[in-house]
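*Asks:* Data: final_8.pdb, PDB, C-alpha atoms and all ligand atoms.
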ATOM      1  CA  MET B   1     -39.393  -8.495  22.695
ATOM      2  CA  SER B   2     -43.163  -7.989  22.509
ATOM      3  CA  LYS B   3     -45.240  -8.923  25.572
ATOM      4  CA  ASN B   4     -47.561 -10.730  23.162
ATOM      5  CA  ILE B   5     -44.922 -13.321  22.283
ATOM      6  CA  VAL B   6     -45.490 -16.299  24.563
ATOM      7  CA  TRP B   7     -43.366 -19.444  24.755
ATOM      8  CA  HIS B   8     -45.373 -22.591  23.925
ATOM      9  CA  ASN B   9     -44.210 -25.668  25.803
ATOM     10  CA  ALA B  10     -43.334 -28.641  23.622
ATOM     11  CA  ALA B  11     -45.412 -31.820  23.831
ATOM     12  CA  VAL B  12     -42.322 -33.971  23.201
ATOM     13  CA  SER B  13     -39.753 -33.360  25.919
ATOM     14  CA  HIS B  14     -36.027 -32.982  25.585
ATOM     15  CA  GLN B  15     -35.562 -36.151  27.655
ATOM     16  CA  GLN B  16     -37.886 -38.141  25.391
ATOM     17  CA  ARG B  17     -35.890 -37.123  22.327
ATOM     18  CA  GLN B  18     -32.639 -38.118  24.036
ATOM     19  CA  ALA B  19     -34.054 -41.473  25.069
ATOM     20  CA  ARG B  20     -35.104 -42.249  21.510
ATOM     21  CA  ASN B  21     -31.796 -41.075  19.993
ATOM     22  CA  GLY B  22     -29.718 -43.163  22.411
ATOM     23  CA  HIS B  23     -27.198 -40.353  22.948
ATOM     24  CA  GLN B  24     -27.024 -36.878  24.388
ATOM     25  CA  PRO B  25     -26.928 -33.727  22.282
ATOM     26  CA  CYS B  26     -23.793 -31.593  22.215
ATOM     27  CA  LEU B  27     -22.165 -28.807  20.246
ATOM     28  CA  LEU B  28     -18.689 -29.571  18.886
ATOM     29  CA  TRP B  29     -17.316 -26.112  18.141
ATOM     30  CA  TYR B  30     -14.250 -26.540  15.878
ATOM     31  CA  THR B  31     -11.958 -23.523  15.726
ATOM     32  CA  GLY B  32      -8.662 -23.025  13.929
ATOM     33  CA  LEU B  33      -6.952 -21.262  11.050
ATOM     34  CA  SER B  34      -8.166 -21.575   7.485
ATOM     35  CA  GLY B  35      -6.788 -24.872   6.176
ATOM     36  CA  SER B  36      -6.202 -26.212   9.692
ATOM     37  CA  GLY B  37      -8.600 -29.081   9.012
ATOM     38  CA  LYS B  38     -11.857 -28.050  10.710
ATOM     39  CA  SER B  39     -14.136 -29.147   7.850
ATOM     40  CA  THR B  40     -12.086 -32.269   7.142
ATOM     41  CA  ILE B  41     -12.065 -33.506  10.751
ATOM     42  CA  ALA B  42     -15.636 -32.382  11.499
ATOM     43  CA  ASN B  43     -16.834 -34.365   8.475
ATOM     44  CA  ALA B  44     -14.804 -37.424   9.507
ATOM     45  CA  VAL B  45     -16.360 -37.281  12.990
ATOM     46  CA  ASP B  46     -19.816 -36.737  11.516
ATOM     47  CA  ARG B  47     -19.386 -39.778   9.250
ATOM     48  CA  LEU B  48     -18.361 -42.036  12.157
ATOM     49  CA  LEU B  49     -21.242 -40.850  14.343
ATOM     50  CA  PHE B  50     -23.832 -40.999  11.564
ATOM     51  CA  ASP B  51     -22.778 -44.498  10.524
ATOM     52  CA  ALA B  52     -23.135 -45.569  14.153
ATOM     53  CA  GLY B  53     -26.751 -44.379  14.167
ATOM     54  CA  CYS B  54     -26.288 -41.040  15.944
ATOM     55  CA  HIS B  55     -28.399 -38.043  14.988
ATOM     56  CA  THR B  56     -26.006 -35.378  13.802
ATOM     57  CA  TYR B  57     -25.691 -32.227  11.753
ATOM     58  CA  LEU B  58     -22.766 -30.109  10.642
ATOM     59  CA  LEU B  59     -22.854 -26.347  10.085
ATOM     60  CA  ASP B  60     -19.899 -25.371   7.926
ATOM     61  CA  GLY B  61     -18.345 -21.930   7.374
ATOM     62  CA  ASP B  62     -19.012 -20.753   3.871
ATOM     63  CA  ASN B  63     -22.184 -22.819   3.474
ATOM     64  CA  VAL B  64     -23.927 -20.780   6.154
ATOM     65  CA  ARG B  65     -22.885 -17.533   4.488
ATOM     66  CA  HIS B  66     -24.566 -18.750   1.292
ATOM     67  CA  GLY B  67     -27.972 -18.759   2.968
ATOM     68  CA  LEU B  68     -28.845 -17.882   6.557
ATOM     69  CA  ASN B  69     -26.082 -15.272   6.857
ATOM     70  CA  ARG B  70     -25.890 -14.096   3.258
ATOM     71  CA  ASP B  71     -26.719 -10.541   4.358
ATOM     72  CA  LEU B  72     -23.718 -10.352   6.695
ATOM     73  CA  GLY B  73     -20.276  -8.987   5.871
ATOM     74  CA  PHE B  74     -17.055  -9.216   7.855
ATOM     75  CA  ALA B  75     -17.182  -6.009   9.907
ATOM     76  CA  ALA B  76     -17.089  -6.411  13.692
ATOM     77  CA  ALA B  77     -20.854  -6.166  14.245
ATOM     78  CA  SER B  78     -21.587  -8.600  11.405
ATOM     79  CA  ARG B  79     -19.060 -11.036  12.751
ATOM     80  CA  VAL B  80     -20.766 -11.061  16.150
ATOM     81  CA  GLU B  81     -24.158 -11.467  14.479
ATOM     82  CA  ASN B  82     -22.766 -14.314  12.347
ATOM     83  CA  ILE B  83     -21.745 -16.239  15.472
ATOM     84  CA  ARG B  84     -24.986 -15.384  17.276
ATOM     85  CA  ARG B  85     -27.139 -16.803  14.482
ATOM     86  CA  ILE B  86     -24.978 -19.908  14.137
ATOM     87  CA  THR B  87     -25.225 -20.494  17.880
ATOM     88  CA  GLU B  88     -28.992 -19.936  17.940
ATOM     89  CA  VAL B  89     -29.468 -22.390  15.065
ATOM     90  CA  SER B  90     -27.210 -24.845  16.906
ATOM     91  CA  ARG B  91     -29.367 -24.436  20.017
ATOM     92  CA  LEU B  92     -32.476 -25.418  18.082
ATOM     93  CA  MET B  93     -30.633 -28.482  16.851
ATOM     94  CA  LEU B  94     -29.468 -29.290  20.390
ATOM     95  CA  ASP B  95     -33.080 -29.039  21.491
ATOM     96  CA  ALA B  96     -33.937 -31.532  18.756
ATOM     97  CA  GLY B  97     -31.361 -33.849  20.359
ATOM     98  CA  LEU B  98     -28.626 -33.675  17.713
ATOM     99  CA  ILE B  99     -24.862 -33.871  17.973
ATOM    100  CA  VAL B 100     -24.057 -30.614  16.203
ATOM    101  CA  GLY B 101     -20.704 -29.702  14.678
ATOM    102  CA  THR B 102     -19.739 -26.176  13.671
ATOM    103  CA  ALA B 103     -16.655 -25.528  11.542
ATOM    104  CA  PHE B 104     -15.875 -21.800  11.571
ATOM    105  CA  ILE B 105     -12.497 -20.139  11.967
ATOM    106  CA  SER B 106     -14.087 -18.160  14.839
ATOM    107  CA  PRO B 107     -10.756 -16.435  15.562
ATOM    108  CA  PHE B 108     -11.771 -14.340  18.561
ATOM    109  CA  ILE B 109     -11.993 -15.578  22.141
ATOM    110  CA  ALA B 110     -14.887 -13.211  22.871
ATOM    111  CA  ASP B 111     -16.980 -14.614  19.996
ATOM    112  CA  ARG B 112     -16.414 -18.183  21.130
ATOM    113  CA  ALA B 113     -17.225 -17.156  24.704
ATOM    114  CA  GLN B 114     -20.503 -15.742  23.414
ATOM    115  CA  ALA B 115     -21.296 -19.060  21.715
ATOM    116  CA  LYS B 116     -20.403 -20.932  24.900
ATOM    117  CA  ALA B 117     -22.581 -18.650  27.001
ATOM    118  CA  LEU B 118     -25.564 -19.274  24.713
ATOM    119  CA  ALA B 119     -25.055 -23.026  24.326
ATOM    120  CA  GLY B 120     -24.178 -23.744  27.980
ATOM    121  CA  ASP B 121     -22.914 -27.155  29.101
ATOM    122  CA  ALA B 122     -23.423 -28.649  25.645
ATOM    123  CA  PHE B 123     -20.555 -26.534  24.259
ATOM    124  CA  ILE B 124     -17.325 -28.425  23.492
ATOM    125  CA  GLU B 125     -14.450 -26.360  22.155
ATOM    126  CA  VAL B 126     -12.289 -28.282  19.668
ATOM    127  CA  PHE B 127      -9.010 -26.567  18.845
ATOM    128  CA  VAL B 128      -7.787 -27.681  15.426
ATOM    129  CA  ASP B 129      -4.228 -26.639  16.132
ATOM    130  CA  THR B 130      -2.203 -26.423  12.957
ATOM    131  CA  PRO B 131       0.764 -24.071  12.562
ATOM    132  CA  LEU B 132       0.286 -21.247  10.090
ATOM    133  CA  SER B 133       3.206 -22.548   8.012
ATOM    134  CA  VAL B 134       1.470 -25.932   7.582
ATOM    135  CA  CYS B 135      -1.905 -24.320   6.732
ATOM    136  CA  GLU B 136      -0.178 -22.130   4.188
ATOM    137  CA  GLN B 137       1.554 -25.119   2.661
ATOM    138  CA  ARG B 138      -1.766 -26.992   2.407
ATOM    139  CA  ASP B 139      -3.676 -23.936   1.165
ATOM    140  CA  PRO B 140      -6.603 -26.107  -0.037
ATOM    141  CA  LYS B 141      -8.624 -23.126  -1.319
ATOM    142  CA  GLY B 142      -5.694 -21.017  -2.554
ATOM    143  CA  LEU B 143      -6.681 -18.323  -0.057
ATOM    144  CA  TYR B 144      -3.261 -17.823   1.554
ATOM    145  CA  LYS B 145      -1.777 -17.093  -1.824
ATOM    146  CA  LYS B 146      -4.420 -14.427  -2.385
ATOM    147  CA  ALA B 147      -3.985 -13.040   1.144
ATOM    148  CA  ARG B 148      -0.205 -12.775   0.706
ATOM    149  CA  SER B 149      -0.636 -10.911  -2.565
ATOM    150  CA  GLY B 150      -3.056  -8.507  -0.868
ATOM    151  CA  GLU B 151      -6.048  -9.738  -2.850
ATOM    152  CA  ILE B 152      -7.878 -10.628   0.393
ATOM    153  CA  ALA B 153      -7.773  -8.155   3.298
ATOM    154  CA  HIS B 154      -8.168  -9.036   7.002
ATOM    155  CA  PHE B 155      -7.206 -12.653   6.438
ATOM    156  CA  THR B 156      -6.853 -14.616   9.682
ATOM    157  CA  GLY B 157      -3.235 -15.474  10.442
ATOM    158  CA  ILE B 158      -1.858 -13.071   7.815
ATOM    159  CA  SER B 159      -3.464  -9.685   8.300
ATOM    160  CA  SER B 160      -5.918 -10.414  11.114
ATOM    161  CA  PRO B 161      -5.193 -12.178  14.429
ATOM    162  CA  TYR B 162      -6.157 -15.662  15.514
ATOM    163  CA  GLU B 163      -6.703 -15.944  19.267
ATOM    164  CA  ALA B 164      -6.015 -19.564  20.166
ATOM    165  CA  PRO B 165      -8.221 -21.198  22.808
ATOM    166  CA  LEU B 166      -6.614 -21.029  26.261
ATOM    167  CA  SER B 167      -8.119 -24.268  27.543
ATOM    168  CA  PRO B 168      -9.922 -26.143  24.765
ATOM    169  CA  ASP B 169     -11.903 -29.241  25.670
ATOM    170  CA  ILE B 170     -10.245 -31.127  22.815
ATOM    171  CA  HIS B 171      -6.819 -30.274  21.382
ATOM    172  CA  LEU B 172      -5.952 -31.641  17.940
ATOM    173  CA  PRO B 173      -2.370 -30.920  16.824
ATOM    174  CA  THR B 174      -3.029 -32.013  13.257
ATOM    175  CA  ALA B 175       0.585 -31.821  12.091
ATOM    176  CA  GLU B 176       1.148 -34.836  14.375
ATOM    177  CA  LEU B 177      -2.130 -36.675  13.742
ATOM    178  CA  THR B 178      -3.779 -38.362  10.789
ATOM    179  CA  ILE B 179      -7.350 -37.264   9.993
ATOM    180  CA  GLU B 180      -8.537 -40.643  11.308
ATOM    181  CA  GLN B 181      -6.612 -40.243  14.598
ATOM    182  CA  ALA B 182      -8.000 -36.741  15.105
ATOM    183  CA  ALA B 183     -11.567 -37.945  14.489
ATOM    184  CA  ARG B 184     -11.058 -40.866  16.889
ATOM    185  CA  GLN B 185      -9.830 -38.459  19.568
ATOM    186  CA  VAL B 186     -13.108 -36.534  19.316
ATOM    187  CA  ILE B 187     -15.122 -39.754  19.505
ATOM    188  CA  SER B 188     -13.165 -40.872  22.616
ATOM    189  CA  PHE B 189     -13.931 -37.556  24.280
ATOM    190  CA  LEU B 190     -17.667 -37.943  23.584
ATOM    191  CA  ARG B 191     -17.544 -41.409  25.092
ATOM    192  CA  GLN B 192     -15.669 -40.198  28.185
ATOM    193  CA  ARG B 193     -18.309 -37.524  28.687
ATOM    194  CA  ASP B 194     -21.092 -40.131  28.308
ATOM    195  CA  ILE B 195     -22.536 -38.222  25.358
ATOM    196  CA  ILE B 196     -22.349 -41.432  23.377
ATOM    197  CA  SER B 197     -21.974 -44.937  24.743
ATOM    198  CA  GLY B 198     -20.641 -47.904  22.840
ATOM    199  CA  GLN B 199     -20.928 -46.527  19.320
ATOM    200  CA  PRO B 200     -18.972 -46.220  17.084
ATOM    201  CA  ASP B 201     -16.276 -48.967  17.105
TER
HETATM  202  N1  LIG B 301      -4.021 -34.405   9.911
HETATM  203  C1  LIG B 301      -4.845 -33.674   9.155
HETATM  204  N2  LIG B 301      -5.998 -33.228   9.690
HETATM  205  C2  LIG B 301      -6.827 -32.457   8.942
HETATM  206  N3  LIG B 301      -6.605 -32.097   7.660
HETATM  207  C3  LIG B 301      -5.468 -32.527   7.087
HETATM  208  C4  LIG B 301      -4.543 -33.309   7.804
HETATM  209  N4  LIG B 301      -3.505 -33.571   6.989
HETATM  210  C5  LIG B 301      -3.765 -32.990   5.808
HETATM  211  N5  LIG B 301      -4.968 -32.349   5.848
HETATM  212  C6  LIG B 301      -5.529 -31.613   4.719
HETATM  213  O1  LIG B 301      -5.614 -30.238   5.100
HETATM  214  C7  LIG B 301      -6.716 -29.614   4.457
HETATM  215  C8  LIG B 301      -7.607 -28.958   5.506
HETATM  216  O2  LIG B 301      -8.619 -28.227   4.844
HETATM  217  P1  LIG B 301     -10.040 -27.884   5.465
HETATM  218  O3  LIG B 301     -10.876 -27.394   4.343
HETATM  219  O4  LIG B 301     -10.547 -29.042   6.266
HETATM  220  O5  LIG B 301      -9.657 -26.707   6.458
HETATM  221  P2  LIG B 301     -10.638 -25.706   7.249
HETATM  222  O6  LIG B 301     -10.051 -25.564   8.615
HETATM  223  O7  LIG B 301     -12.043 -26.177   7.150
HETATM  224  O8  LIG B 301     -10.434 -24.339   6.464
HETATM  225  P3  LIG B 301     -11.483 -23.117   6.182
HETATM  226  O9  LIG B 301     -11.532 -22.315   7.454
HETATM  227  O10 LIG B 301     -10.850 -22.350   5.077
HETATM  228  O11 LIG B 301     -12.809 -23.708   5.824
HETATM  229  C9  LIG B 301      -7.457 -30.711   3.680
HETATM  230  O12 LIG B 301      -7.036 -30.651   2.340
HETATM  231  C10 LIG B 301      -6.968 -31.980   4.376
HETATM  232  O13 LIG B 301      -7.009 -33.104   3.523
HETATM  233 MG    MG B 302     -13.780 -25.350   6.327
END
Kindly present the structure from the file in structure tokens form.

*Replies:*
Amino acid sequence: MSKNIVWHNAAVSHQQRQARNGHQPCLLWYTGLSGSGKSTIANAVDRLLFDAGCHTYLLDGDNVRHGLNRDLGFAAASRVENIRRITEVSRLMLDAGLIVGTAFISPFIADRAQAKALAGDAFIEVFVDTPLSVCEQRDPKGLYKKARSGEIAHFTGISSPYEAPLSPDIHLPTAELTIEQAARQVISFLRQRDIISGQPD
């Protein structure tokens, strides 16, 4: 980095933003197979928090590849860069005081560790734990069908590994939970951690 690039301190502090928002910022990092329910549950959580007056934002898989990361492919180096950019954008949002959700398959432990290292204490790993057989049955985007027929290469769970979190902060076995129950479990965790207080009901 150039020596001529100097950090400018912000006039509005992190603490002042938190005080106005009435909650702490955090990064809910949802990980799980395609079709496990990351987007569905992350959106349900976001809805509950938003309706309760929290300041939130959700970064979702394919949407980010439409814009910010449109130049990135799926090779190893691009994958790392994909996660790095998502995490850096999340950090800006954390600095703005938001409760940020990210819904990416993020199949590799090392990539998630990188995100955790960059985001620090704010990082909350949410394992959307759905058996491959259930995801394949749901197949909301028809991707498993394509992966099985060989139309999509390196598909997580079929032709590319998924490394499950070893000790996630939140574990959501969705085959045994409704979407509402899973979302409520995330909200309870945020309350236990004093990230939110009171809201939502
Ligand atoms: N208990 C549950 N929790 C979450 N989703 C469920 C549950 N039961 C059924 N579903 C359905 O499973 C599907 C999950 O799809 P979703 O798009 O949320 O997965 P995803 O993890 O975001 O996948 P991708 O990585 O491809 O974006 C939805 O159609 C949802 O309605
Ligand atoms: Mg999704």

*Asks:* Mind checking which residues fall within 12 Å of B:Ala113, counting all atoms listed in the file, ignoring those fewer than 3 positions away in the same chain, and posting them as a PyMOL selection string?

*Replies:* chain B and resi 29+80+83-84+87+106-110+116-120+123-125+163+165-168

*Asks:* In terms of the shortest atom-to-atom distance over only C-alpha atoms and all ligand atoms, which of B:Pro140, B:Gly22, B:Gly198, B:Pro131 is closest to ligand LIG 301 (chain B)?

*Replies:*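 Of B:Pro140, B:Gly22, B:Gly198, B:Pro131, the one nearest ligand LIG 301 (chain B), counting only C-alpha atoms and all ligand atoms, is B:Pro140.
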
*Asks:* How far is it from atom CA of B:Ala11 to atom CA of B:Gln24, in Å with one decimal?

*Replies:*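 Between these atoms lies a distance of 19.1 Å.
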
*Asks:* Restricting the calculation to only C-alpha atoms: of B:Leu177, B:Leu98, B:Ile5, B:Leu59, which residue gets closest to B:Tyr30?

*Replies:*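 Among B:Leu177, B:Leu98, B:Ile5, B:Leu59, it is B:Leu59 that comes nearest to B:Tyr30.
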
*Asks:* I'd like the neighbourhood of B:Val45 as a count of residues only, where a residue qualifies if any of its atoms comes within 12 Å (using all atoms listed in the file), though same-chain residues fewer than 3 positions away should be ignored.

*Replies:* 36

*Asks:* When distances are computed from only C-alpha atoms and all ligand atoms, which of B:Gly53, B:Gly32, B:Gly61, B:Gly150 shows the smallest separation from ligand MG 302 (chain B)?

*Replies:*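 Under the stated criterion, the closest residue is B:Gly61.
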
*Asks:* Between B:Ile196, B:Ala147, B:Ile152, B:Leu33, which has the minimum distance to ligand MG 302 (chain B) (counting only C-alpha atoms and all ligand atoms)?

*Replies:*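 Of B:Ile196, B:Ala147, B:Ile152, B:Leu33, the one nearest ligand MG 302 (chain B) is B:Leu33, counting only C-alpha atoms and all ligand atoms.
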
*Asks:* Quick one: pull the distance between atom CA of B:Arg148 and atom CA of B:Ser36, Å, one decimal.

*Replies:* 17.2 Å

*Asks:* Which neighbours of B:Ala75 fall inside 12 Å, counting only C-alpha atoms, when residues of the same chain fewer than 5 positions from it are skipped, and could you give them as a PDB file with C-alpha atoms, in the frame of the given file?

*Replies:*
ATOM      1  CA  VAL B  80     -20.766 -11.061  16.150  1.00  0.00           C
ATOM      2  CA  GLU B  81     -24.158 -11.467  14.479  1.00  0.00           C
ATOM      3  CA  ASN B  82     -22.766 -14.314  12.347  1.00  0.00           C
ATOM      4  CA  ALA B 153      -7.773  -8.155   3.298  1.00  0.00           C
ATOM      5  CA  HIS B 154      -8.168  -9.036   7.002  1.00  0.00           C
TER       6      HIS B 154
END

*Asks:* Pick from B:Ala115, B:Ser159, B:Arg17, B:Thr130: nearest to B:Ser90, with all atoms listed in the file counted?

*Replies:*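 Of the candidates, the smallest distance to B:Ser90 is held by B:Ala115.
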
*Asks:* Separation of atom CA of B:Gly142 and atom P1 of ligand LIG 301 (chain B), in Å?

*Replies:*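 Those two atoms sit 11.4 Å apart.
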
*Asks:* Could you list, as a PDB file with C-alpha atoms, in the coordinates of the input, every residue matched by the PyMOL selection byres (((chain B and resi 144) around 10) and not hetatm) in this structure?

*Replies:*
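Printed below is result_30.pdb as written:
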ATOM      1  CA  SER B  34      -8.166 -21.575   7.485  1.00  0.00           C
ATOM      2  CA  GLY B  35      -6.788 -24.872   6.176  1.00  0.00           C
ATOM      3  CA  LEU B 132       0.286 -21.247  10.090  1.00  0.00           C
ATOM      4  CA  CYS B 135      -1.905 -24.320   6.732  1.00  0.00           C
ATOM      5  CA  GLU B 136      -0.178 -22.130   4.188  1.00  0.00           C
ATOM      6  CA  GLN B 137       1.554 -25.119   2.661  1.00  0.00           C
ATOM      7  CA  ARG B 138      -1.766 -26.992   2.407  1.00  0.00           C
ATOM      8  CA  ASP B 139      -3.676 -23.936   1.165  1.00  0.00           C
ATOM      9  CA  PRO B 140      -6.603 -26.107  -0.037  1.00  0.00           C
ATOM     10  CA  LYS B 141      -8.624 -23.126  -1.319  1.00  0.00           C
ATOM     11  CA  GLY B 142      -5.694 -21.017  -2.554  1.00  0.00           C
ATOM     12  CA  LEU B 143      -6.681 -18.323  -0.057  1.00  0.00           C
ATOM     13  CA  LYS B 145      -1.777 -17.093  -1.824  1.00  0.00           C
ATOM     14  CA  LYS B 146      -4.420 -14.427  -2.385  1.00  0.00           C
ATOM     15  CA  ALA B 147      -3.985 -13.040   1.144  1.00  0.00           C
ATOM     16  CA  ARG B 148      -0.205 -12.775   0.706  1.00  0.00           C
ATOM     17  CA  SER B 149      -0.636 -10.911  -2.565  1.00  0.00           C
ATOM     18  CA  GLY B 150      -3.056  -8.507  -0.868  1.00  0.00           C
ATOM     19  CA  GLU B 151      -6.048  -9.738  -2.850  1.00  0.00           C
ATOM     20  CA  ILE B 152      -7.878 -10.628   0.393  1.00  0.00           C
ATOM     21  CA  PHE B 155      -7.206 -12.653   6.438  1.00  0.00           C
ATOM     22  CA  THR B 156      -6.853 -14.616   9.682  1.00  0.00           C
ATOM     23  CA  GLY B 157      -3.235 -15.474  10.442  1.00  0.00           C
ATOM     24  CA  ILE B 158      -1.858 -13.071   7.815  1.00  0.00           C
TER      25      ILE B 158
END

*Asks:* Of the candidates B:Asp95, B:Arg112, B:Thr174, B:Ile105, which shows the shortest atom-to-atom distance to B:Gln16, using all atoms listed in the file?

*Replies:* B:Asp95

*Asks:* Can you sort out the box for ligand LIG 301 (chain B), edges along x, y and z, all listed atoms in, 6 Å on every side, with centre and edge lengths in Å to one decimal, as lines of an AutoDock Vina configuration file?

*Replies:*
center_x = -8.2
center_y = -28.4
center_z = 6.1
size_x = 21.3
size_y = 24.1
size_z = 19.6

*Asks:* Generate the missing atoms of stretch 56-71 of chain B up to N, CA, C and O atoms and report them as a compact mmCIF listing (two decimals), in the coordinates of the input.

*Replies:*
# COMPACT_ATOMS: atom_id res chain seq x y z
N THR B 56 -27.03 -36.42 13.86
CA THR B 56 -26.01 -35.38 13.80
C THR B 56 -26.33 -34.34 12.72
O THR B 56 -27.12 -34.60 11.81
N TYR B 57 -25.68 -33.20 12.85
CA TYR B 57 -25.69 -32.23 11.75
C TYR B 57 -24.47 -31.34 11.87
O TYR B 57 -23.99 -31.05 12.96
N LEU B 58 -23.96 -30.93 10.70
CA LEU B 58 -22.77 -30.11 10.64
C LEU B 58 -23.08 -28.77 9.97
O LEU B 58 -23.65 -28.74 8.88
N LEU B 59 -22.73 -27.69 10.67
CA LEU B 59 -22.85 -26.35 10.09
C LEU B 59 -21.45 -25.92 9.68
O LEU B 59 -20.55 -25.84 10.54
N ASP B 60 -21.25 -25.66 8.40
CA ASP B 60 -19.90 -25.37 7.93
C ASP B 60 -19.79 -23.96 7.36
O ASP B 60 -20.69 -23.50 6.65
N GLY B 61 -18.67 -23.32 7.70
CA GLY B 61 -18.34 -21.93 7.37
C GLY B 61 -19.07 -21.29 6.21
O GLY B 61 -20.11 -20.65 6.38
N ASP B 62 -18.52 -21.47 5.04
CA ASP B 62 -19.01 -20.75 3.87
C ASP B 62 -20.45 -21.13 3.53
O ASP B 62 -21.21 -20.30 3.03
N ASN B 63 -20.83 -22.37 3.81
CA ASN B 63 -22.18 -22.82 3.47
C ASN B 63 -23.23 -21.95 4.16
O ASN B 63 -24.26 -21.60 3.56
N VAL B 64 -22.97 -21.58 5.40
CA VAL B 64 -23.93 -20.78 6.15
C VAL B 64 -24.01 -19.37 5.58
O VAL B 64 -25.07 -18.74 5.56
N ARG B 65 -22.88 -18.88 5.08
CA ARG B 65 -22.88 -17.53 4.49
C ARG B 65 -23.58 -17.52 3.12
O ARG B 65 -23.92 -16.46 2.61
N HIS B 66 -23.80 -18.69 2.54
CA HIS B 66 -24.57 -18.75 1.29
C HIS B 66 -26.06 -18.51 1.53
O HIS B 66 -26.77 -18.10 0.62
N GLY B 67 -26.53 -18.84 2.72
CA GLY B 67 -27.97 -18.76 2.97
C GLY B 67 -28.32 -17.91 4.16
O GLY B 67 -28.46 -16.68 4.06
N LEU B 68 -28.42 -18.55 5.32
CA LEU B 68 -28.84 -17.88 6.56
C LEU B 68 -28.16 -16.53 6.78
O LEU B 68 -28.81 -15.56 7.14
N ASN B 69 -26.86 -16.49 6.54
CA ASN B 69 -26.08 -15.27 6.86
C ASN B 69 -25.59 -14.55 5.60
O ASN B 69 -24.59 -13.83 5.66
N ARG B 70 -26.34 -14.70 4.52
CA ARG B 70 -25.89 -14.10 3.26
C ARG B 70 -25.88 -12.57 3.32
O ARG B 70 -25.18 -11.92 2.53
N ASP B 71 -26.65 -12.00 4.24
CA ASP B 71 -26.72 -10.54 4.36
C ASP B 71 -25.59 -9.97 5.21
O ASP B 71 -25.49 -8.76 5.36
